[in-house]
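What follows is the content of query-v2.cif (mmCIF, C-alpha atoms).
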data_model
loop_
_atom_site.label_atom_id
_atom_site.label_comp_id
_atom_site.auth_asym_id
_atom_site.auth_seq_id
_atom_site.Cartn_x
_atom_site.Cartn_y
_atom_site.Cartn_z
CA LEU A 9 0.03 -11.12 15.76
CA ALA A 10 2.52 -12.90 13.53
CA LEU A 11 5.25 -12.84 16.17
CA GLU A 12 2.79 -13.97 18.85
CA GLU A 13 1.41 -16.82 16.73
CA ALA A 14 4.98 -17.91 16.01
CA GLY A 15 5.93 -17.75 19.69
CA ALA A 16 8.87 -15.59 18.65
CA GLU A 17 10.80 -13.41 21.06
CA TYR A 18 10.43 -9.73 20.28
CA VAL A 19 10.53 -6.33 21.94
CA ASP A 20 7.94 -3.66 21.20
CA VAL A 21 10.54 -0.89 21.39
CA ALA A 22 8.19 2.06 21.03
CA ARG A 23 6.30 0.91 24.16
CA LEU A 24 9.45 0.32 26.20
CA PRO A 25 10.21 3.10 28.74
CA LYS A 26 12.79 5.66 27.65
CA SER A 27 14.88 4.66 30.65
CA ARG A 28 15.27 1.27 29.00
CA GLY A 29 16.17 2.70 25.60
CA GLY A 30 12.66 2.63 24.18
CA GLY A 31 9.85 5.02 23.42
CA ILE A 32 9.26 7.34 20.51
CA PRO A 33 12.83 8.75 20.50
CA ALA A 34 14.25 5.26 19.95
CA MET A 35 11.92 4.86 17.00
CA MET A 36 12.68 8.30 15.61
CA ASN A 37 16.40 7.48 15.47
CA PHE A 38 15.66 5.07 12.66
CA ILE A 39 13.40 7.51 10.82
CA GLU A 40 16.15 10.11 11.07
CA GLY A 41 18.71 7.77 9.60
CA LYS A 42 20.68 7.25 12.81
CA GLY A 43 19.90 3.55 13.12
CA PRO A 44 21.64 0.63 11.44
CA GLY A 45 20.26 -0.75 8.22
CA PHE A 46 17.83 0.81 5.79
CA ARG A 47 16.20 4.12 6.69
CA PRO A 48 12.41 3.71 6.71
CA PHE A 49 9.99 6.47 5.70
CA SER A 50 7.68 5.84 8.65
CA PRO A 51 6.66 3.26 11.27
CA PRO A 52 5.93 0.44 11.67
CA PHE A 53 9.21 -1.30 11.07
CA LEU A 54 10.95 -4.37 12.37
CA ARG A 55 14.60 -4.51 13.26
CA VAL A 56 16.42 -7.83 13.09
CA GLY A 57 20.13 -7.34 13.66
CA GLU A 58 21.35 -5.07 10.90
CA LEU A 59 18.16 -5.45 8.88
CA VAL A 60 15.33 -2.93 9.07
CA VAL A 61 12.08 -4.01 7.43
CA SER A 62 9.38 -1.38 7.00
CA HIS A 63 5.69 -1.65 6.02
CA VAL A 64 3.38 -4.26 7.51
CA ALA A 65 3.14 -6.27 4.27
CA SER A 66 6.91 -6.43 3.97
CA ILE A 67 7.39 -7.33 7.64
CA LEU A 68 4.93 -10.20 7.26
CA GLU A 69 6.55 -11.37 4.04
CA PHE A 70 9.86 -11.40 5.90
CA LEU A 71 8.50 -13.28 8.92
CA GLY A 72 6.29 -15.67 6.95
CA PRO A 73 8.77 -18.29 5.75
CA ARG A 74 11.03 -17.89 8.81
CA HIS A 75 8.23 -18.78 11.21
CA LYS A 76 6.19 -21.17 9.07
CA LEU A 77 3.42 -18.63 8.75
CA VAL A 78 3.08 -19.18 5.00
CA PRO A 79 3.39 -22.22 2.72
CA SER A 80 6.85 -22.68 1.23
CA ASP A 81 5.92 -22.59 -2.47
CA GLU A 82 6.36 -19.38 -4.45
CA SER A 83 2.82 -19.28 -5.76
CA SER A 84 1.35 -19.33 -2.22
CA GLN A 85 3.78 -16.63 -1.14
CA ILE A 86 2.76 -14.43 -4.06
CA ALA A 87 -0.90 -15.02 -3.20
CA ALA A 88 -0.17 -14.12 0.44
CA ARG A 89 1.46 -10.90 -0.72
CA ALA A 90 -1.60 -10.03 -2.80
CA VAL A 91 -4.02 -10.65 0.07
CA GLN A 92 -1.85 -8.74 2.52
CA LEU A 93 -1.48 -5.77 0.17
CA THR A 94 -5.25 -5.79 -0.32
CA ILE A 95 -5.67 -5.73 3.46
CA SER A 96 -3.16 -2.85 3.63
CA ASP A 97 -5.23 -0.94 1.07
CA LEU A 98 -8.33 -1.52 3.17
CA VAL A 99 -6.56 -0.32 6.32
CA THR A 100 -5.42 2.82 4.48
CA GLU A 101 -9.04 3.46 3.53
CA VAL A 102 -10.07 3.03 7.17
CA HIS A 103 -7.55 5.70 8.14
CA GLU A 104 -8.95 7.98 5.44
CA THR A 105 -12.42 7.79 6.99
CA HIS A 106 -11.29 9.97 9.89
CA HIS A 107 -8.52 11.84 8.05
CA PRO A 108 -9.83 12.53 4.54
CA VAL A 109 -8.22 15.99 4.24
CA ALA A 110 -4.82 15.74 5.92
CA MET A 111 -2.99 13.60 8.48
CA SER A 112 -1.53 16.81 9.83
CA LEU A 113 -4.96 18.13 10.85
CA TYR A 114 -6.93 16.99 13.87
CA TYR A 115 -9.94 14.83 13.23
CA GLU A 116 -12.08 17.61 14.68
CA ASP A 117 -10.95 19.89 11.86
CA GLN A 118 -12.08 17.52 9.11
CA LYS A 119 -15.22 16.08 10.64
CA ARG A 120 -17.53 17.24 7.86
CA GLU A 121 -15.42 15.53 5.20
CA ALA A 122 -14.96 12.49 7.42
CA ARG A 123 -18.71 12.06 7.63
CA LYS A 124 -19.04 12.10 3.85
CA ARG A 125 -16.15 9.72 3.31
CA THR A 126 -17.38 7.31 5.97
CA ARG A 127 -20.82 7.17 4.38
CA PHE A 128 -19.32 5.81 1.16
CA PHE A 129 -16.82 3.62 2.95
CA VAL A 130 -19.42 1.73 4.96
CA ALA A 131 -21.91 1.53 2.08
CA ASP A 132 -19.52 0.46 -0.70
CA ARG A 133 -16.09 -0.48 0.48
CA ILE A 134 -16.65 -2.65 3.56
CA PRO A 135 -19.08 -4.93 1.67
CA LYS A 136 -16.77 -5.07 -1.37
CA TYR A 137 -13.66 -6.04 0.59
CA LEU A 138 -15.48 -8.53 2.80
CA ALA A 139 -17.12 -10.16 -0.22
CA TYR A 140 -13.69 -10.54 -1.80
CA PHE A 141 -12.27 -12.30 1.27
CA GLU A 142 -15.39 -14.46 1.48
CA ARG A 143 -14.89 -15.59 -2.11
CA LEU A 144 -11.27 -16.47 -1.42
CA LEU A 145 -12.53 -18.67 1.42
CA GLU A 146 -15.01 -20.48 -0.85
CA ARG A 147 -12.83 -23.41 -1.75
CA PRO A 148 -14.01 -26.60 -3.36
CA ARG A 149 -13.79 -29.57 -1.02
CA VAL A 150 -12.99 -27.41 2.02
CA LYS A 151 -15.63 -27.04 4.70
CA LYS A 152 -16.63 -23.55 5.80
CA GLU A 153 -15.20 -24.24 9.25
CA ALA A 154 -11.83 -25.32 7.90
CA ALA A 155 -11.12 -22.79 5.16
CA TYR A 156 -8.21 -20.40 5.37
CA LEU A 157 -7.36 -17.71 2.85
CA LEU A 158 -4.58 -19.66 1.18
CA GLY A 159 -6.12 -23.11 1.56
CA ALA A 160 -6.42 -25.65 4.34
CA GLU A 161 -3.77 -24.19 6.65
CA ARG A 162 -3.59 -20.90 8.48
CA SER A 163 -1.07 -18.35 7.26
CA TYR A 164 -0.16 -14.81 8.22
CA VAL A 165 -2.91 -13.30 6.07
CA ASP A 166 -5.51 -15.06 8.20
CA LEU A 167 -4.09 -13.32 11.26
CA SER A 168 -4.34 -10.01 9.41
CA LEU A 169 -7.92 -10.63 8.35
CA PHE A 170 -8.81 -11.40 11.97
CA GLN A 171 -7.28 -8.07 13.01
CA VAL A 172 -9.18 -6.18 10.33
CA VAL A 173 -12.50 -7.79 11.30
CA ALA A 174 -11.86 -6.91 14.96
CA GLY A 175 -10.98 -3.34 14.00
CA LEU A 176 -13.97 -2.89 11.71
CA ARG A 177 -16.28 -4.24 14.43
CA TYR A 178 -14.88 -1.69 16.84
CA ALA A 179 -15.01 1.27 14.46
CA PHE A 180 -18.15 0.53 12.45
CA PRO A 181 -20.38 -1.72 14.58
CA LYS A 182 -23.56 -0.95 12.64
CA ALA A 183 -22.06 -1.62 9.23
CA MET A 184 -20.50 -4.83 10.45
CA ALA A 185 -23.74 -6.04 12.04
CA LYS A 186 -25.29 -5.65 8.60
CA SER A 187 -22.39 -7.13 6.63
CA GLU A 188 -21.39 -10.11 8.73
CA PRO A 189 -24.37 -12.37 7.96
CA LYS A 190 -23.33 -12.17 4.30
CA VAL A 191 -19.78 -13.36 4.96
CA PRO A 192 -20.06 -16.43 7.22
CA ARG A 193 -16.66 -17.76 6.19
CA VAL A 194 -14.91 -14.53 7.16
CA VAL A 195 -16.70 -14.56 10.52
CA SER A 196 -15.79 -18.19 11.14
CA LEU A 197 -12.15 -17.50 10.22
CA ALA A 198 -11.95 -14.57 12.64
CA GLU A 199 -13.37 -16.77 15.43
CA ARG A 200 -10.94 -19.58 14.76
CA ILE A 201 -7.95 -17.22 14.76
CA ALA A 202 -9.05 -15.58 18.02
CA ALA A 203 -9.30 -19.03 19.61
CA ARG A 204 -5.80 -20.19 18.68
CA PRO A 205 -3.96 -20.71 21.97
CA ARG A 206 -1.16 -18.20 21.43
CA ILE A 207 -3.45 -15.57 19.92
CA ALA A 208 -6.00 -16.02 22.72
CA ALA A 209 -3.24 -15.61 25.31
CA TYR A 210 -1.99 -12.50 23.56
CA LEU A 211 -5.46 -10.98 23.37
CA GLU A 212 -5.80 -11.42 27.14
CA SER A 213 -2.37 -9.97 27.86
CA PRO A 214 -1.28 -6.35 28.41
CA ARG A 215 0.69 -6.64 25.16
CA ARG A 216 -2.61 -6.28 23.32
CA ILE A 217 -3.40 -2.56 23.09
CA PRO A 218 -7.16 -2.03 23.22
CA PHE A 219 -8.64 -0.23 20.23
CA ASN A 220 -8.69 3.49 20.86
CA GLU A 221 -9.18 6.86 19.17
CA ASP A 222 -5.49 7.51 18.45
CA CYS A 223 -4.89 4.58 16.15
CA ILE A 224 -6.29 3.54 12.79
CA PHE A 225 -9.56 1.91 13.85
CA ARG A 226 -11.47 4.59 15.75
CA ARG A 227 -15.00 4.58 17.06
CA TYR A 228 -16.57 7.92 16.27
CA PRO A 229 -20.31 7.25 16.51
CA GLU A 230 -21.08 10.53 14.74
CA LEU A 231 -19.44 9.16 11.57
CA GLU A 232 -21.54 6.03 11.33
CA ARG A 233 -25.18 6.93 11.39
CA LEU B 3 8.78 0.50 -17.17
CA ALA B 4 10.35 -2.56 -15.58
CA LEU B 5 9.41 -4.80 -18.50
CA GLU B 6 10.65 -2.19 -20.98
CA GLU B 7 13.94 -1.67 -19.18
CA ALA B 8 14.43 -5.43 -19.10
CA GLY B 9 13.62 -5.77 -22.80
CA ALA B 10 11.07 -8.41 -21.82
CA GLU B 11 8.27 -9.53 -24.08
CA TYR B 12 4.87 -8.67 -22.72
CA VAL B 13 1.34 -7.94 -23.84
CA ASP B 14 -0.68 -5.07 -22.37
CA VAL B 15 -3.89 -7.11 -22.44
CA ALA B 16 -6.28 -4.37 -21.33
CA ARG B 17 -5.20 -2.25 -24.33
CA LEU B 18 -5.49 -5.08 -26.82
CA PRO B 19 -8.66 -4.98 -28.98
CA LYS B 20 -11.51 -7.21 -27.85
CA SER B 21 -11.32 -8.97 -31.21
CA ARG B 22 -7.88 -10.19 -30.15
CA GLY B 23 -9.00 -11.34 -26.73
CA GLY B 24 -8.08 -8.14 -24.92
CA GLY B 25 -9.78 -5.12 -23.43
CA ILE B 26 -11.54 -4.60 -20.15
CA PRO B 27 -13.61 -7.84 -20.38
CA ALA B 28 -10.42 -9.90 -20.57
CA MET B 29 -9.18 -8.16 -17.46
CA MET B 30 -12.51 -8.52 -15.65
CA ASN B 31 -12.41 -12.28 -16.11
CA PHE B 32 -9.56 -12.43 -13.63
CA ILE B 33 -11.25 -10.09 -11.15
CA GLU B 34 -14.35 -12.28 -11.35
CA GLY B 35 -12.36 -15.40 -10.60
CA LYS B 36 -12.65 -16.92 -14.08
CA GLY B 37 -8.95 -16.74 -14.86
CA PRO B 38 -6.23 -19.19 -13.90
CA GLY B 39 -4.20 -18.56 -10.78
CA PHE B 40 -4.96 -16.32 -7.86
CA ARG B 41 -7.96 -14.03 -8.00
CA PRO B 42 -6.86 -10.41 -7.59
CA PHE B 43 -8.94 -7.74 -5.87
CA SER B 44 -8.26 -5.14 -8.56
CA PRO B 45 -5.89 -4.20 -11.39
CA PRO B 46 -3.07 -3.89 -12.14
CA PHE B 47 -1.93 -7.49 -12.24
CA LEU B 48 0.57 -9.50 -14.21
CA ARG B 49 -0.09 -12.93 -15.57
CA VAL B 50 2.81 -15.30 -16.15
CA GLY B 51 1.53 -18.73 -17.12
CA GLU B 52 -0.56 -19.96 -14.21
CA LEU B 53 0.68 -17.24 -11.88
CA VAL B 54 -1.25 -14.02 -11.31
CA VAL B 55 0.64 -11.29 -9.45
CA SER B 56 -1.34 -8.28 -8.28
CA HIS B 57 -0.25 -4.89 -6.88
CA VAL B 58 2.54 -2.84 -8.45
CA ALA B 59 4.96 -3.46 -5.57
CA SER B 60 4.44 -7.21 -5.77
CA ILE B 61 4.75 -7.26 -9.57
CA LEU B 62 8.06 -5.42 -9.33
CA GLU B 63 9.29 -7.68 -6.56
CA PHE B 64 8.45 -10.62 -8.81
CA LEU B 65 10.15 -9.16 -11.89
CA GLY B 66 13.15 -7.72 -10.06
CA PRO B 67 15.39 -10.77 -9.60
CA ARG B 68 14.18 -12.42 -12.81
CA HIS B 69 15.26 -9.48 -14.94
CA LYS B 70 18.24 -8.25 -12.97
CA LEU B 71 16.34 -5.16 -11.90
CA VAL B 72 17.43 -5.51 -8.27
CA PRO B 73 20.63 -6.69 -6.54
CA SER B 74 20.59 -10.37 -5.61
CA ASP B 75 21.15 -10.04 -1.84
CA GLU B 76 18.21 -10.20 0.54
CA SER B 77 18.96 -6.94 2.29
CA SER B 78 18.83 -4.98 -0.99
CA GLN B 79 15.60 -6.69 -1.95
CA ILE B 80 14.04 -5.78 1.39
CA ALA B 81 15.19 -2.19 0.92
CA ALA B 82 13.72 -2.19 -2.59
CA ARG B 83 10.42 -3.40 -1.19
CA ALA B 84 10.42 -0.58 1.40
CA VAL B 85 11.13 2.10 -1.20
CA GLN B 86 8.54 0.69 -3.59
CA LEU B 87 5.87 0.48 -0.87
CA THR B 88 6.68 4.06 0.10
CA ILE B 89 6.22 5.07 -3.54
CA SER B 90 2.92 3.16 -3.59
CA ASP B 91 1.80 5.10 -0.52
CA LEU B 92 2.67 8.34 -2.28
CA VAL B 93 0.76 7.31 -5.39
CA THR B 94 -2.27 6.45 -3.25
CA GLU B 95 -2.08 9.93 -1.77
CA VAL B 96 -1.94 11.43 -5.26
CA HIS B 97 -5.14 9.59 -6.12
CA GLU B 98 -6.73 10.93 -2.95
CA THR B 99 -6.09 14.51 -4.05
CA HIS B 100 -8.82 14.23 -6.71
CA HIS B 101 -10.92 11.58 -4.96
CA PRO B 102 -10.89 12.42 -1.24
CA VAL B 103 -14.52 11.40 -0.62
CA ALA B 104 -15.15 8.30 -2.75
CA MET B 105 -13.74 6.54 -5.81
CA SER B 106 -17.32 5.88 -6.83
CA LEU B 107 -18.07 9.60 -7.18
CA TYR B 108 -16.97 11.79 -10.06
CA TYR B 109 -14.21 14.25 -9.37
CA GLU B 110 -16.71 17.04 -10.11
CA ASP B 111 -18.78 15.89 -7.14
CA GLN B 112 -15.90 16.15 -4.65
CA LYS B 113 -14.09 19.21 -5.97
CA ARG B 114 -14.43 21.21 -2.80
CA GLU B 115 -12.83 18.47 -0.70
CA ALA B 116 -10.24 17.85 -3.42
CA ARG B 117 -9.13 21.45 -3.20
CA LYS B 118 -8.63 21.20 0.54
CA ARG B 119 -6.79 17.91 0.34
CA THR B 120 -4.54 19.09 -2.48
CA ARG B 121 -3.54 22.17 -0.50
CA PHE B 122 -2.09 19.97 2.26
CA PHE B 123 -0.68 17.45 -0.16
CA VAL B 124 1.40 19.96 -2.11
CA ALA B 125 2.44 21.90 1.01
CA ASP B 126 3.39 18.97 3.25
CA ARG B 127 3.48 15.65 1.52
CA ILE B 128 5.31 16.30 -1.75
CA PRO B 129 8.24 17.97 0.06
CA LYS B 130 8.32 15.24 2.71
CA TYR B 131 8.42 12.36 0.25
CA LEU B 132 10.91 14.04 -2.07
CA ALA B 133 13.20 14.88 0.85
CA TYR B 134 13.11 11.24 1.89
CA PHE B 135 14.16 10.03 -1.56
CA GLU B 136 16.83 12.73 -1.70
CA ARG B 137 18.30 11.49 1.58
CA LEU B 138 18.36 7.92 0.30
CA LEU B 139 20.38 9.21 -2.67
CA GLU B 140 22.91 10.95 -0.41
CA ARG B 141 25.45 8.19 -0.26
CA PRO B 142 28.98 8.55 0.99
CA ARG B 143 31.55 8.17 -1.79
CA VAL B 144 28.90 8.24 -4.53
CA LYS B 145 28.69 11.31 -6.75
CA LYS B 146 25.36 13.03 -7.18
CA GLU B 147 25.31 12.06 -10.86
CA ALA B 148 25.91 8.40 -10.12
CA ALA B 149 23.66 7.71 -7.14
CA TYR B 150 20.75 5.32 -7.36
CA LEU B 151 18.28 4.57 -4.58
CA LEU B 152 19.85 1.26 -3.61
CA GLY B 153 23.46 2.20 -4.32
CA ALA B 154 25.64 2.50 -7.40
CA GLU B 155 23.41 0.54 -9.77
CA ARG B 156 19.93 1.23 -11.07
CA SER B 157 17.11 -0.98 -9.80
CA TYR B 158 13.38 -1.11 -10.33
CA VAL B 159 12.72 1.48 -7.62
CA ASP B 160 14.66 4.05 -9.65
CA LEU B 161 12.30 3.44 -12.56
CA SER B 162 9.37 3.96 -10.21
CA LEU B 163 10.79 7.18 -8.81
CA PHE B 164 11.25 8.48 -12.35
CA GLN B 165 7.58 7.72 -13.05
CA VAL B 166 6.45 9.48 -9.90
CA VAL B 167 8.53 12.57 -10.66
CA ALA B 168 7.09 12.68 -14.19
CA GLY B 169 3.57 12.30 -12.83
CA LEU B 170 3.99 14.92 -10.13
CA ARG B 171 5.40 17.35 -12.70
CA TYR B 172 2.35 16.79 -14.84
CA ALA B 173 -0.21 17.06 -12.04
CA PHE B 174 1.37 19.68 -9.78
CA PRO B 175 3.71 21.80 -11.92
CA LYS B 176 3.82 24.72 -9.50
CA ALA B 177 4.61 22.62 -6.45
CA MET B 178 7.29 20.73 -8.36
CA ALA B 179 8.89 23.93 -9.67
CA LYS B 180 9.25 24.97 -6.04
CA SER B 181 10.38 21.59 -4.71
CA GLU B 182 12.82 20.44 -7.36
CA PRO B 183 15.68 22.82 -6.57
CA LYS B 184 15.76 21.27 -3.08
CA VAL B 185 16.15 17.72 -4.38
CA PRO B 186 18.90 17.81 -7.02
CA ARG B 187 19.68 14.11 -6.67
CA VAL B 188 16.09 13.13 -7.33
CA VAL B 189 16.02 15.38 -10.39
CA SER B 190 19.30 13.96 -11.68
CA LEU B 191 18.05 10.41 -11.15
CA ALA B 192 14.86 11.09 -13.10
CA GLU B 193 16.91 12.52 -15.99
CA ARG B 194 19.27 9.56 -16.07
CA ILE B 195 16.41 7.06 -16.09
CA ALA B 196 14.60 8.92 -18.90
CA ALA B 197 17.81 8.82 -20.95
CA ARG B 198 18.39 5.07 -20.67
CA PRO B 199 18.10 3.70 -24.21
CA ARG B 200 15.18 1.33 -23.66
CA ILE B 201 13.28 3.77 -21.48
CA ALA B 202 13.85 6.62 -23.96
CA ALA B 203 12.59 4.41 -26.80
CA TYR B 204 9.53 3.44 -24.77
CA LEU B 205 8.74 7.04 -23.88
CA GLU B 206 8.75 7.89 -27.62
CA SER B 207 6.59 4.89 -28.52
CA PRO B 208 2.78 4.56 -28.64
CA ARG B 209 3.12 2.08 -25.78
CA ARG B 210 3.61 5.07 -23.48
CA ILE B 211 0.18 6.43 -22.57
CA PRO B 212 0.38 10.21 -22.14
CA PHE B 213 -0.71 11.49 -18.74
CA ASN B 214 -4.42 12.28 -18.77
CA GLU B 215 -7.36 13.05 -16.52
CA ASP B 216 -8.62 9.47 -16.21
CA CYS B 217 -5.58 8.04 -14.48
CA ILE B 218 -3.88 8.71 -11.18
CA PHE B 219 -1.81 11.76 -12.05
CA ARG B 220 -4.29 14.39 -13.23
CA ARG B 221 -3.77 18.01 -14.07
CA TYR B 222 -6.63 20.00 -12.59
CA PRO B 223 -5.29 23.56 -12.44
CA GLU B 224 -8.11 24.58 -10.10
CA LEU B 225 -6.68 22.28 -7.43
CA GLU B 226 -3.18 23.75 -7.40
CA ARG B 227 -3.38 27.46 -6.87
#

Take the structure from the file and write it as structure tokens.
Amino acid sequence: LALEEAGAEYVDVARLPKSRGGGIPAMMNFIEGKGPGFRPFSPPFLRVGELVVSHVASILEFLGPRHKLVPSDESSQIAARAVQLTISDLVTEVHETHHPVAMSLYYEDQKREARKRTRFFVADRIPKYLAYFERLLERPRVKKEAAYLLGAERSYVDLSLFQVVAGLRYAFPKAMAKSEPKVPRVVSLAERIAARPRIAAYLESPRRIPFNEDCIFRRYPELER
Amino acid sequence: LALEEAGAEYVDVARLPKSRGGGIPAMMNFIEGKGPGFRPFSPPFLRVGELVVSHVASILEFLGPRHKLVPSDESSQIAARAVQLTISDLVTEVHETHHPVAMSLYYEDQKREARKRTRFFVADRIPKYLAYFERLLERPRVKKEAAYLLGAERSYVDLSLFQVVAGLRYAFPKAMAKSEPKVPRVVSLAERIAARPRIAAYLESPRRIPFNEDCIFRRYPELER
């Protein structure tokens, strides 16, 4: 989303055919320490020349100032980091809803635990996180329809919050139907981000991978009852 | 650890008596948006004047260059961020071993699931993370006894790795007894950090809170069998 919003040129190497030097093997080279630059523990990571930047929050912090996706003052950049790391924590918790025992096990082998974990996640955690973002958007002298997480201008954390709202809607439609009326600013923000010309074009393009049951946000109706 | 290693002046506000303006209520003021600066989602956070920096990785990134706890070039600082975020991921997984269902439940009410999760954590995850750090310490032309995670000089991520090794030894003594012989560089690093004068003094002081069963690294012998 950040690269798309910035109109930056990039290659999604893991989705490139192997015949063109892409795919999982190309990615694994870096994980196995055969690439240039720093060896990351796991995907995702961004390669820029000799630099390898791993972790979504770090990638966004790297791209932010380079592509005017964050204000230039230090205090805004620290705030952006805090919001992004909070979003990362939320995304980790989403992953835990379908993998509460072990990533190395299939979902089917931890369904019982997943049901328990999801019950608490939708009851406690979704409302808590959304309420936090809503409060960040409650800014004096800024209209509901104009508020962004760091102030009056969009930054990379707004793109991330849009993505999280889209993912939560896909994975937990009932919980979100209940929560959204309580967080009108979050809902408005997600709408405004989706409507930005470059984001809208990306969402319509084949570059946008539809939500599915192999990624982090998964729709397992049996978990959300 | 970073503040101690730097010899910086700081106040651990949450441990200060309420009569001196400390304790949990002082901390909650920030979480409730009554403090100056950015409103954090949860502790820990650092306050420096009007700045509030939340999340361990962000706090360390903030302190690093100010206290010479990280090399000054961008590529080292990006590598430090990657290692620290990997350590944060590991620490999150440690927390999940005793709280795999919900943070809002007591450990006693999720013991069964904790046992299952811990089994996979000690079998798969501890070795995987430690092997990763060991490989980062395998540097050409640097002796085992002189290697630090970012090169030939200690940085804040070395302090963090020391803390994680100490915590894992406390919480999972059997798994660590089995894993440590395979990661001699990690073990050597942890020893060298513990022996640094300021760190050694801190570890002997009342400022060092002993590991216990209320924090992240907990020793529940029933989980590690």

Residues of chain A within 8 Å of chain B, counting only C-alpha atoms, what are they? List them as a tab-separated table (two decimals) with C-alpha atoms, in the coordinates of the input.
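Generated file (out_2.tsv):
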chain	number	residue	atom	x	y	z
A	46	PHE	CA	17.83	0.81	5.79
A	47	ARG	CA	16.20	4.12	6.69
A	48	PRO	CA	12.41	3.71	6.71
A	49	PHE	CA	9.99	6.47	5.70
A	59	LEU	CA	18.16	-5.45	8.88
A	61	VAL	CA	12.08	-4.01	7.43
A	62	SER	CA	9.38	-1.38	7.00
A	63	HIS	CA	5.69	-1.65	6.02
A	66	SER	CA	6.91	-6.43	3.97
A	83	SER	CA	2.82	-19.28	-5.76
A	86	ILE	CA	2.76	-14.43	-4.06
A	87	ALA	CA	-0.90	-15.02	-3.20
A	89	ARG	CA	1.46	-10.90	-0.72
A	90	ALA	CA	-1.60	-10.03	-2.80
A	93	LEU	CA	-1.48	-5.77	0.17
A	94	THR	CA	-5.25	-5.79	-0.32
A	108	PRO	CA	-9.83	12.53	4.54
A	109	VAL	CA	-8.22	15.99	4.24
A	110	ALA	CA	-4.82	15.74	5.92
A	121	GLU	CA	-15.42	15.53	5.20
A	124	LYS	CA	-19.04	12.10	3.85
A	125	ARG	CA	-16.15	9.72	3.31
A	128	PHE	CA	-19.32	5.81	1.16
A	129	PHE	CA	-16.82	3.62	2.95
A	140	TYR	CA	-13.69	-10.54	-1.80
A	144	LEU	CA	-11.27	-16.47	-1.42

Enter the distance from CA of Glu230 in chain A to CA of Lys119 in chain A, in Å, rounded to one decimal.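 Calculated distance between CA of Glu230 in chain A and CA of Lys119 in chain A is 9.1 Å.
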
Length of the CA of Glu226 in chain B to CA of Ala173 in chain B vector [Å]: 8.7 Å

Please define a box with edges along x, y and z of the file around all atoms of range 70-84 of chain A given in the file, extend it by 4 Å on each side, and return its centre and edge lengths in Å to one decimal, as AutoDock Vina command-line options.
--center_x 6.2 --center_y -17.0 --center_z 2.7 --size_x 17.7 --size_y 19.3 --size_z 25.0

Please expand the PyMOL selection byres ((chain A and resi 78) around 12) into the concrete residues it hits in this file, giving the result as a PyMOL selection string. chain A and resi 10+14+68-77+79-89+92+156-167

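The interatomic distance for the pair CA of Cys223 in chain A and CA of Ala174 in chain A works out to 13.5 Å.
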
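In this comparison, which uses only C-alpha atoms, the residue of A:Pro192, A:Asp222, A:Ile95, A:Val21 approaching Lys152 in chain A most closely is A:Pro192.
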
Could you list, as an MDAnalysis selection string, every residue matched by the PyMOL selection byres ((chain A and resi 172) around 10) in this structure? chainID A and resid 95:96 98:99 102 166:171 173:178 198 225

Residue nearest Glu7 in chain B - candidates B:Phe174, B:Tyr108, B:Tyr204, B:Tyr222, atoms counted: only C-alpha atoms: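 Residue with the minimum atom-to-atom distance to Glu7 in chain B: B:Tyr204.
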